[in-house]
file start_37.txt (compact mmCIF, C-alpha atoms)
# COMPACT_ATOMS: atom_id res chain seq x y z
CA PRO F 23 56.09 55.58 -15.88
CA GLN F 24 54.05 58.24 -14.08
CA VAL F 25 53.61 55.73 -11.25
CA TYR F 26 57.13 56.53 -10.06
CA ALA F 27 56.23 60.20 -9.72
CA TRP F 28 53.04 59.27 -7.85
CA LEU F 29 54.96 56.97 -5.51
CA TRP F 30 57.47 59.63 -4.48
CA PRO F 31 56.00 63.12 -4.96
CA THR F 32 58.68 64.61 -2.71
CA LEU F 33 61.44 63.23 -4.94
CA PHE F 34 59.75 64.29 -8.20
CA PRO F 35 57.81 67.40 -7.12
CA TYR F 36 57.47 68.76 -10.67
CA GLY F 37 56.42 65.46 -12.23
CA VAL F 38 59.53 65.21 -14.41
CA GLY F 39 62.75 63.26 -14.21
CA PHE F 40 61.12 59.97 -13.23
CA PHE F 41 62.15 56.59 -14.59
CA GLU F 42 61.38 55.05 -17.97
CA ASP F 43 59.81 58.21 -19.38
CA HIS F 44 59.29 57.25 -23.02
CA THR F 45 58.71 60.86 -24.03
CA ARG F 46 62.48 61.36 -23.81
CA LYS F 47 62.95 59.20 -26.90
CA THR F 48 60.45 61.20 -28.92
CA SER F 49 62.14 64.40 -27.73
CA GLY F 50 65.52 63.29 -29.02
CA PHE F 51 66.98 62.07 -25.73
CA ARG F 52 68.35 58.59 -25.16
CA GLU F 53 66.32 56.27 -22.94
CA VAL F 54 68.09 55.46 -19.69
CA PRO F 55 67.70 51.97 -18.15
CA LEU F 56 66.03 51.85 -14.76
CA TYR F 57 69.04 50.48 -12.87
CA LEU F 58 71.39 53.10 -14.35
CA HIS F 59 68.93 55.93 -13.75
CA ALA F 60 68.44 54.87 -10.10
CA ARG F 61 72.18 54.51 -9.55
CA ASN F 62 72.77 58.04 -10.82
CA TYR F 63 70.08 59.41 -8.52
CA LEU F 64 71.69 57.65 -5.55
CA ASN F 65 74.95 59.45 -6.37
CA LEU F 66 73.47 62.97 -6.43
CA ALA F 67 75.14 65.56 -4.22
CA ASP F 68 71.98 66.53 -2.31
CA ARG F 69 71.51 62.90 -1.07
CA ARG F 70 67.71 63.18 -0.91
CA PHE F 71 67.37 59.88 -2.77
CA GLN F 72 69.92 58.25 -0.47
CA THR F 73 68.05 59.17 2.70
CA HIS F 74 64.53 58.41 1.48
CA LEU F 75 62.86 55.73 3.59
CA SER F 76 61.55 53.54 0.77
CA PHE F 77 63.02 54.64 -2.56
CA MET F 78 66.06 52.35 -2.84
CA PHE F 79 64.26 49.32 -1.41
CA VAL F 80 61.29 49.59 -3.78
CA ILE F 81 63.56 50.08 -6.79
CA HIS F 82 65.70 47.12 -5.70
CA ASN F 83 62.61 44.91 -5.44
CA ILE F 84 61.37 46.00 -8.86
CA LEU F 85 64.73 45.19 -10.45
CA LEU F 86 64.92 41.84 -8.65
CA VAL F 87 61.42 40.80 -9.75
CA ARG F 88 62.18 41.78 -13.34
CA ARG F 89 65.39 39.77 -13.42
CA SER F 90 63.91 36.72 -11.76
CA SER F 91 60.78 36.68 -13.93
CA SER F 92 62.14 37.58 -17.37
CA ARG F 93 65.71 36.27 -17.42
CA THR F 94 65.48 32.88 -15.74
CA ARG F 95 65.17 29.60 -17.61
CA LEU F 96 65.05 25.86 -17.16
CA ALA F 97 67.98 23.71 -18.23
CA VAL F 98 68.21 19.97 -18.68
CA GLN F 99 70.81 17.63 -20.16
CA ARG F 100 70.15 16.83 -23.81
CA SER F 101 70.12 13.09 -23.17
CA TRP F 102 67.40 13.45 -20.53
CA TRP F 103 65.16 15.83 -22.47
CA PRO F 104 62.71 13.16 -23.78
CA PHE F 105 62.19 11.93 -20.20
CA ALA F 106 61.75 15.53 -18.97
CA ALA F 107 59.12 16.22 -21.63
CA GLN F 108 57.25 13.05 -20.68
CA ALA F 109 57.41 13.93 -16.97
CA MET F 110 56.03 17.42 -17.67
CA ASP F 111 53.06 15.85 -19.47
CA ASN F 112 52.25 13.90 -16.30
CA VAL F 113 52.15 17.01 -14.09
CA ASP F 114 49.10 19.26 -13.81
CA ASP F 115 47.90 21.92 -11.38
CA ALA F 116 46.06 19.44 -9.17
CA THR F 117 49.17 17.27 -8.86
CA LEU F 118 51.27 20.27 -7.84
CA VAL F 119 48.74 21.23 -5.16
CA ASP F 120 48.61 17.66 -3.81
CA PHE F 121 52.41 17.46 -3.71
CA ARG F 122 52.58 20.80 -1.90
CA ASP F 123 50.07 19.60 0.69
CA HIS F 124 52.06 16.39 1.05
CA LEU F 125 55.23 18.35 1.87
CA ILE F 126 53.39 20.66 4.27
CA ASP F 127 51.93 17.67 6.09
CA LYS F 128 55.40 16.12 6.46
CA LYS F 129 56.73 19.38 7.83
CA ASN F 130 53.90 19.75 10.34
CA ARG F 131 54.48 16.19 11.54
CA LYS F 132 58.24 16.93 11.76
CA ASP F 133 58.85 13.93 9.58
CA ALA F 134 62.46 14.10 8.32
CA SER F 135 62.32 10.90 6.30
CA PRO F 136 62.86 11.02 2.50
CA VAL F 137 59.84 12.10 0.51
CA LYS F 138 58.07 9.20 -1.18
CA PRO F 139 55.72 9.93 -4.08
CA LYS F 140 52.13 8.88 -3.65
CA SER F 141 51.17 8.94 -7.31
CA LYS F 142 52.66 8.90 -10.79
CA GLY F 143 52.27 12.67 -10.91
CA GLU F 144 54.30 13.16 -7.73
CA GLU F 145 56.90 10.73 -9.05
CA ALA F 146 57.18 12.85 -12.19
CA ILE F 147 57.60 16.00 -10.08
CA MET F 148 60.46 14.44 -8.13
CA LYS F 149 62.18 13.37 -11.35
CA LEU F 150 61.90 16.92 -12.67
CA LEU F 151 63.36 18.28 -9.43
CA ARG F 152 66.35 15.97 -9.78
CA HIS F 153 67.13 16.52 -13.45
CA VAL F 154 65.86 19.99 -14.34
CA GLN F 155 67.89 22.99 -13.18
CA TYR F 156 66.45 26.43 -12.56
CA VAL F 157 69.08 28.73 -14.10
CA ASP F 158 69.17 32.12 -12.41
CA ASP F 159 72.89 32.80 -11.97
CA HIS F 160 72.43 36.49 -12.86
CA VAL F 161 70.26 37.08 -9.77
CA ASP F 162 72.50 37.90 -6.80
CA GLY F 163 72.05 35.53 -3.88
CA SER F 164 70.00 32.98 -5.81
CA MET F 165 70.78 29.26 -5.80
CA GLY F 166 71.98 29.51 -9.38
CA ASN F 167 74.32 32.36 -8.48
CA VAL F 168 75.70 30.37 -5.55
CA ALA F 169 76.25 27.30 -7.76
CA MET F 170 78.07 29.44 -10.32
CA MET F 171 80.39 30.88 -7.66
CA ARG F 172 81.15 27.39 -6.37
CA GLU F 173 82.16 26.28 -9.85
CA GLN F 174 84.39 29.34 -10.21
CA ILE F 175 86.10 28.56 -6.90
CA ARG F 176 86.58 24.93 -7.95
CA ALA F 177 88.09 26.09 -11.25
CA ILE F 178 90.63 28.27 -9.42
CA THR F 179 91.41 25.40 -7.05
CA ARG F 180 92.00 23.01 -9.95
CA THR F 181 94.27 25.58 -11.61
CA ALA F 182 96.32 26.86 -8.67
CA GLY F 183 95.68 24.41 -5.83
CA THR F 184 93.84 24.92 -2.55
CA PRO F 185 93.66 28.45 -1.12
CA SER F 186 96.47 29.50 1.21
CA LEU F 187 94.65 32.19 3.18
CA PHE F 188 91.07 32.98 4.15
CA PHE F 189 89.89 36.42 5.25
CA THR F 190 86.57 37.65 6.60
CA PRO F 191 86.77 41.47 6.48
CA ASN F 192 84.22 43.22 8.65
CA PRO F 193 84.65 47.01 8.35
CA ALA F 194 83.42 48.89 11.40
CA ASP F 195 81.14 51.20 9.44
CA GLY F 196 79.33 52.38 12.57
CA HIS F 197 82.52 53.71 14.15
CA ASN F 198 84.48 55.07 11.19
CA PRO F 199 84.54 58.80 10.35
CA ILE F 200 84.76 57.98 6.64
CA VAL F 201 81.11 56.89 6.75
CA SER F 202 80.14 60.28 8.16
CA TYR F 203 82.13 61.95 5.41
CA LEU F 204 80.44 59.87 2.70
CA ALA F 205 77.06 60.70 4.25
CA GLY F 206 77.77 64.40 3.78
CA LYS F 207 78.74 65.40 7.30
CA ASP F 208 81.00 68.42 7.64
CA ILE F 209 84.24 66.82 8.78
CA ASN F 210 87.84 67.26 7.71
CA ILE F 211 88.80 63.95 6.21
CA ASP F 212 92.43 65.06 5.87
CA THR F 213 92.82 64.84 9.65
CA LEU F 214 91.69 61.23 9.74
CA PHE F 215 93.94 60.25 12.65
CA SER F 216 93.04 63.30 14.74
CA ASN F 217 89.44 62.26 15.44
CA PRO F 218 87.87 64.55 12.81
CA ASP F 219 84.31 63.74 13.90
CA SER F 220 84.90 64.16 17.64
CA ARG F 221 81.64 66.07 18.05
CA PHE F 222 79.73 62.97 16.93
CA THR F 223 79.04 60.21 19.43
CA SER F 224 78.88 56.54 18.53
CA THR F 225 75.08 56.82 18.54
CA ASP F 226 75.27 59.73 16.08
CA ARG F 227 77.43 57.69 13.73
CA LEU F 228 75.06 54.72 13.86
CA ARG F 229 72.08 57.02 13.29
CA THR F 230 73.84 58.55 10.28
CA LEU F 231 74.46 55.07 8.89
CA ALA F 232 70.81 54.08 9.41
CA GLU F 233 69.60 57.27 7.70
CA ASN F 234 71.91 56.81 4.72
CA PRO F 235 72.52 53.15 3.80
CA VAL F 236 74.20 54.24 0.56
CA ALA F 237 77.04 55.75 2.60
CA GLY F 238 77.47 52.40 4.37
CA ALA F 239 77.53 50.53 1.06
CA SER F 240 80.02 53.01 -0.41
CA PHE F 241 82.23 52.64 2.66
CA PHE F 242 82.15 48.84 2.43
CA HIS F 243 83.02 48.96 -1.27
CA LEU F 244 85.88 51.38 -0.56
CA MET F 245 87.32 49.20 2.20
CA VAL F 246 87.16 46.04 0.09
CA GLU F 247 88.75 47.80 -2.88
CA GLU F 248 91.57 49.10 -0.69
CA PHE F 249 92.06 45.69 0.91
CA ILE F 250 92.35 43.96 -2.46
CA GLY F 251 94.33 46.72 -4.15
CA LYS F 252 96.75 47.69 -1.38
CA PHE F 253 96.82 44.87 1.18
CA LEU F 254 96.90 42.09 -1.40
CA GLY F 255 98.82 44.27 -3.85
CA VAL F 256 96.60 43.65 -6.87
CA ASN F 257 96.65 47.33 -7.86
CA ARG F 258 100.29 47.94 -6.97
CA GLY F 259 102.81 48.44 -9.73
CA ASP F 260 104.85 45.38 -8.78
CA LYS F 261 101.72 43.38 -7.84
CA HIS F 262 103.25 42.56 -4.44
CA GLY F 263 101.24 42.96 -1.26
CA VAL F 264 101.73 42.05 2.38
CA PHE F 265 101.86 38.34 1.52
CA GLY F 266 103.91 38.72 -1.64
CA ARG F 267 102.52 38.28 -5.13
CA VAL F 268 98.91 37.05 -5.15
CA ARG F 269 98.15 34.82 -8.14
CA PHE F 270 94.41 34.45 -7.59
CA TYR F 271 91.81 35.79 -5.18
CA TYR F 272 88.09 35.32 -4.88
CA GLY F 273 85.68 37.33 -2.78
CA VAL F 274 82.03 36.84 -1.91
CA VAL F 275 79.72 39.33 -0.19
CA GLU F 276 77.34 37.68 2.27
call {"tool": "encode", "arguments": {"input": "start_37.txt", "output": "structure tokens"}}
result
Amino acid sequence: PQVYAWLWPTLFPYGVGFFEDHTRKTSGFREVPLYLHARNYLNLADRRFQTHLSFMFVIHNILLVRRSSSRTRLAVQRSWWPFAAQAMDNVDDATLVDFRDHLIDKKNRKDASPVKPKSKGEEAIMKLLRHVQYVDDHVDGSMGNVAMMREQIRAITRTAGTPSLFFTPNPADGHNPIVSYLAGKDINIDTLFSNPDSRFTSTDRLRTLAENPVAGASFFHLMVEEFIGKFLGVNRGDKHGVFGRVRFYYGVVE
């Protein structure tokens, strides 16, 4: 755990308060998960964690590697399991290397024809690729996560029919005074329609957004929540929005 303090001495100048400090448990304090601890630090009022150049990106990568390495699994239909086990027995490290070189050679030759196995080992690899699924739906942006979202959309379509409307919201975070407010700038948000950040140029707003990505993410979340809650009427008392009562909606962040 001390590695976190060594990585960011300016964020933990006294060597305390870093992540996954197991001495808290022996001292009577509850252990805090890494993702929750980092999220709380990103919501601090002084914003020093928000504006750090590497903190949020390194923590994000650590969390992503942990999820992808410890919570993924292989899935195969029960009826095909004996064939999968037999195919795995026919695959070794040398076969994987040869198959990789085979694919690289096809790519270098710009050969777009279907891949044909050159040996029984490569044939077994191709069978495994067809019948064995890499389940990683809990990792955002992964193929498993995309497949899960597609099934959810299909389920809604089967229940309520094809979608009636499609939206692609694109909040102008680089030109909105709310972003400056969320980044801690001294502006009067109550005078939103009176150009409260008139002393800031467009370049200043974009620089503020680049220095504090958390403010941009918070702004995007706020705009999407308001769009769903107010525009679509999901959070209204009568559940009626601009287009009437919305039965189902589904949103995906690119």
call {"tool": "residues_around", "arguments": {"input": "start_37.txt", "residues": "Val236 of chain F", "least_positions_apart": "4", "cutoff": "12 Å", "atoms": "only C-alpha atoms", "output": "PyMOL selection string"}}
result
chain F and resi 61+63-66+69-75+77-79+195+201-202+204-206+230-232+240-243
call {"tool": "closest_residue", "arguments": {"input": "start_37.txt", "among": "F:Asn234, F:Thr32, F:Thr223, F:Ser90", "to": "Asp162 of chain F", "atoms": "all atoms listed in the file"}}
result
F:Ser90
call {"tool": "atom_distance", "arguments": {"input": "start_37.txt", "atom1": "atom CA of Ile126 of chain F", "atom2": "atom CA of Ser92 of chain F"}}
result
28.8 Å
call {"tool": "atom_distance", "arguments": {"input": "start_37.txt", "atom1": "atom CA of Ala27 of chain F", "atom2": "atom CA of Ala237 of chain F"}}
result
24.6 Å
call {"tool": "atom_distance", "arguments": {"input": "start_37.txt", "atom1": "atom CA of Leu86 of chain F", "atom2": "atom CA of Phe189 of chain F"}}
result
29.1 Å
call {"tool": "residues_around", "arguments": {"input": "start_37.txt", "residues": "segment 122-124 of chain F", "least_positions_apart": "6", "cutoff": "12 Å", "atoms": "all atoms listed in the file", "output": "list in words"}}
result
Asp115, Ala116, Asn130, Arg131, Asp133, Val137, Lys138, Pro139, Lys140, Ser141, Glu144, Ile147 and Met148 of chain F
call {"tool": "decode", "arguments": {"input": "start_37.txt", "residues": "segment 183-217 of chain F", "atoms": "N, CA, C and O atoms", "output": "compact mmCIF listing (two decimals), in the first residue's frame"}}
result
# COMPACT_ATOMS: atom_id res chain seq x y z
N GLY F 183 -41.52 -3.35 -28.84
CA GLY F 183 -41.42 -2.98 -30.24
C GLY F 183 -40.17 -2.17 -30.51
O GLY F 183 -39.37 -1.88 -29.62
N THR F 184 -40.01 -1.78 -31.78
CA THR F 184 -38.82 -1.03 -32.17
C THR F 184 -38.83 0.36 -31.56
O THR F 184 -39.90 0.93 -31.31
N PRO F 185 -37.66 0.95 -31.31
CA PRO F 185 -37.62 2.29 -30.73
C PRO F 185 -38.27 3.33 -31.64
O PRO F 185 -38.23 3.24 -32.87
N SER F 186 -38.88 4.32 -31.02
CA SER F 186 -39.55 5.40 -31.77
C SER F 186 -38.64 6.58 -32.03
O SER F 186 -38.78 7.28 -33.03
N LEU F 187 -37.71 6.84 -31.12
CA LEU F 187 -36.84 8.01 -31.24
C LEU F 187 -35.41 7.62 -30.89
O LEU F 187 -35.17 6.75 -30.05
N PHE F 188 -34.47 8.28 -31.55
CA PHE F 188 -33.04 8.11 -31.26
C PHE F 188 -32.44 9.49 -31.01
O PHE F 188 -32.71 10.44 -31.74
N PHE F 189 -31.66 9.59 -29.95
CA PHE F 189 -30.99 10.84 -29.62
C PHE F 189 -29.49 10.59 -29.49
O PHE F 189 -29.07 9.53 -29.03
N THR F 190 -28.72 11.60 -29.86
CA THR F 190 -27.27 11.58 -29.62
C THR F 190 -26.90 12.88 -28.92
O THR F 190 -26.48 13.85 -29.55
N PRO F 191 -27.10 12.97 -27.61
CA PRO F 191 -26.75 14.21 -26.88
C PRO F 191 -25.24 14.45 -26.91
O PRO F 191 -24.45 13.53 -26.75
N ASN F 192 -24.89 15.68 -27.11
CA ASN F 192 -23.47 16.07 -27.13
C ASN F 192 -23.32 17.40 -26.40
O ASN F 192 -23.26 18.46 -27.03
N PRO F 193 -23.30 17.36 -25.06
CA PRO F 193 -23.22 18.61 -24.29
C PRO F 193 -21.95 19.40 -24.62
O PRO F 193 -20.87 18.82 -24.72
N ALA F 194 -22.11 20.68 -24.79
CA ALA F 194 -20.97 21.55 -25.13
C ALA F 194 -20.22 21.90 -23.85
O ALA F 194 -20.32 23.03 -23.34
N ASP F 195 -19.47 20.95 -23.32
CA ASP F 195 -18.81 21.17 -22.04
C ASP F 195 -17.74 22.24 -22.10
O ASP F 195 -17.43 22.88 -21.10
N GLY F 196 -17.16 22.47 -23.29
CA GLY F 196 -16.12 23.49 -23.40
C GLY F 196 -16.65 24.91 -23.50
O GLY F 196 -15.86 25.86 -23.52
N HIS F 197 -17.95 25.08 -23.55
CA HIS F 197 -18.53 26.41 -23.71
C HIS F 197 -19.65 26.68 -22.71
O HIS F 197 -20.42 27.61 -22.89
N ASN F 198 -19.74 25.86 -21.68
CA ASN F 198 -20.82 26.00 -20.71
C ASN F 198 -20.27 26.48 -19.37
O ASN F 198 -19.31 25.90 -18.85
N PRO F 199 -20.86 27.54 -18.80
CA PRO F 199 -20.36 28.05 -17.51
C PRO F 199 -20.53 27.07 -16.36
O PRO F 199 -19.85 27.19 -15.34
N ILE F 200 -21.42 26.08 -16.51
CA ILE F 200 -21.59 25.10 -15.43
C ILE F 200 -20.31 24.31 -15.21
O ILE F 200 -19.98 23.94 -14.08
N VAL F 201 -19.57 24.04 -16.29
CA VAL F 201 -18.30 23.32 -16.15
C VAL F 201 -17.33 24.13 -15.31
O VAL F 201 -16.64 23.60 -14.43
N SER F 202 -17.27 25.44 -15.56
CA SER F 202 -16.38 26.30 -14.76
C SER F 202 -16.80 26.31 -13.30
O SER F 202 -15.95 26.30 -12.40
N TYR F 203 -18.10 26.29 -13.07
CA TYR F 203 -18.60 26.25 -11.69
C TYR F 203 -18.21 24.94 -11.01
O TYR F 203 -17.74 24.93 -9.86
N LEU F 204 -18.39 23.82 -11.72
CA LEU F 204 -18.03 22.52 -11.14
C LEU F 204 -16.53 22.39 -10.93
O LEU F 204 -16.08 21.63 -10.07
N ALA F 205 -15.74 23.12 -11.72
CA ALA F 205 -14.28 23.09 -11.57
C ALA F 205 -13.80 24.01 -10.45
O ALA F 205 -12.59 24.09 -10.21
N GLY F 206 -14.73 24.71 -9.80
CA GLY F 206 -14.35 25.55 -8.67
C GLY F 206 -14.12 27.01 -8.99
O GLY F 206 -13.64 27.75 -8.13
N LYS F 207 -14.44 27.44 -10.19
CA LYS F 207 -14.26 28.84 -10.53
C LYS F 207 -15.29 29.71 -9.80
O LYS F 207 -16.41 29.27 -9.55
N ASP F 208 -14.89 30.92 -9.50
CA ASP F 208 -15.75 31.84 -8.75
C ASP F 208 -16.73 32.53 -9.69
O ASP F 208 -16.46 33.63 -10.20
N ILE F 209 -17.83 31.87 -9.95
CA ILE F 209 -18.87 32.46 -10.79
C ILE F 209 -20.20 32.30 -10.08
O ILE F 209 -20.38 31.43 -9.22
N ASN F 210 -21.14 33.17 -10.42
CA ASN F 210 -22.47 33.15 -9.83
C ASN F 210 -23.38 32.29 -10.70
O ASN F 210 -23.87 32.75 -11.74
N ILE F 211 -23.60 31.09 -10.29
CA ILE F 211 -24.38 30.17 -11.10
C ILE F 211 -25.85 30.54 -11.14
O ILE F 211 -26.62 30.09 -12.02
N ASP F 212 -26.29 31.39 -10.21
CA ASP F 212 -27.70 31.81 -10.20
C ASP F 212 -28.03 32.75 -11.35
O ASP F 212 -29.19 32.93 -11.69
N THR F 213 -27.01 33.37 -11.92
CA THR F 213 -27.24 34.25 -13.08
C THR F 213 -26.79 33.54 -14.35
O THR F 213 -26.02 34.08 -15.14
N LEU F 214 -27.31 32.33 -14.54
CA LEU F 214 -26.84 31.48 -15.62
C LEU F 214 -27.07 32.09 -16.99
O LEU F 214 -26.26 31.92 -17.91
N PHE F 215 -28.17 32.84 -17.16
CA PHE F 215 -28.49 33.39 -18.46
C PHE F 215 -27.98 34.82 -18.63
O PHE F 215 -28.35 35.50 -19.58
N SER F 216 -27.14 35.26 -17.71
CA SER F 216 -26.56 36.60 -17.80
C SER F 216 -25.05 36.53 -18.00
O SER F 216 -24.32 37.42 -17.56
N ASN F 217 -24.59 35.45 -18.62
CA ASN F 217 -23.17 35.26 -18.91
C ASN F 217 -22.33 35.39 -17.64
O ASN F 217 -21.51 36.31 -17.52
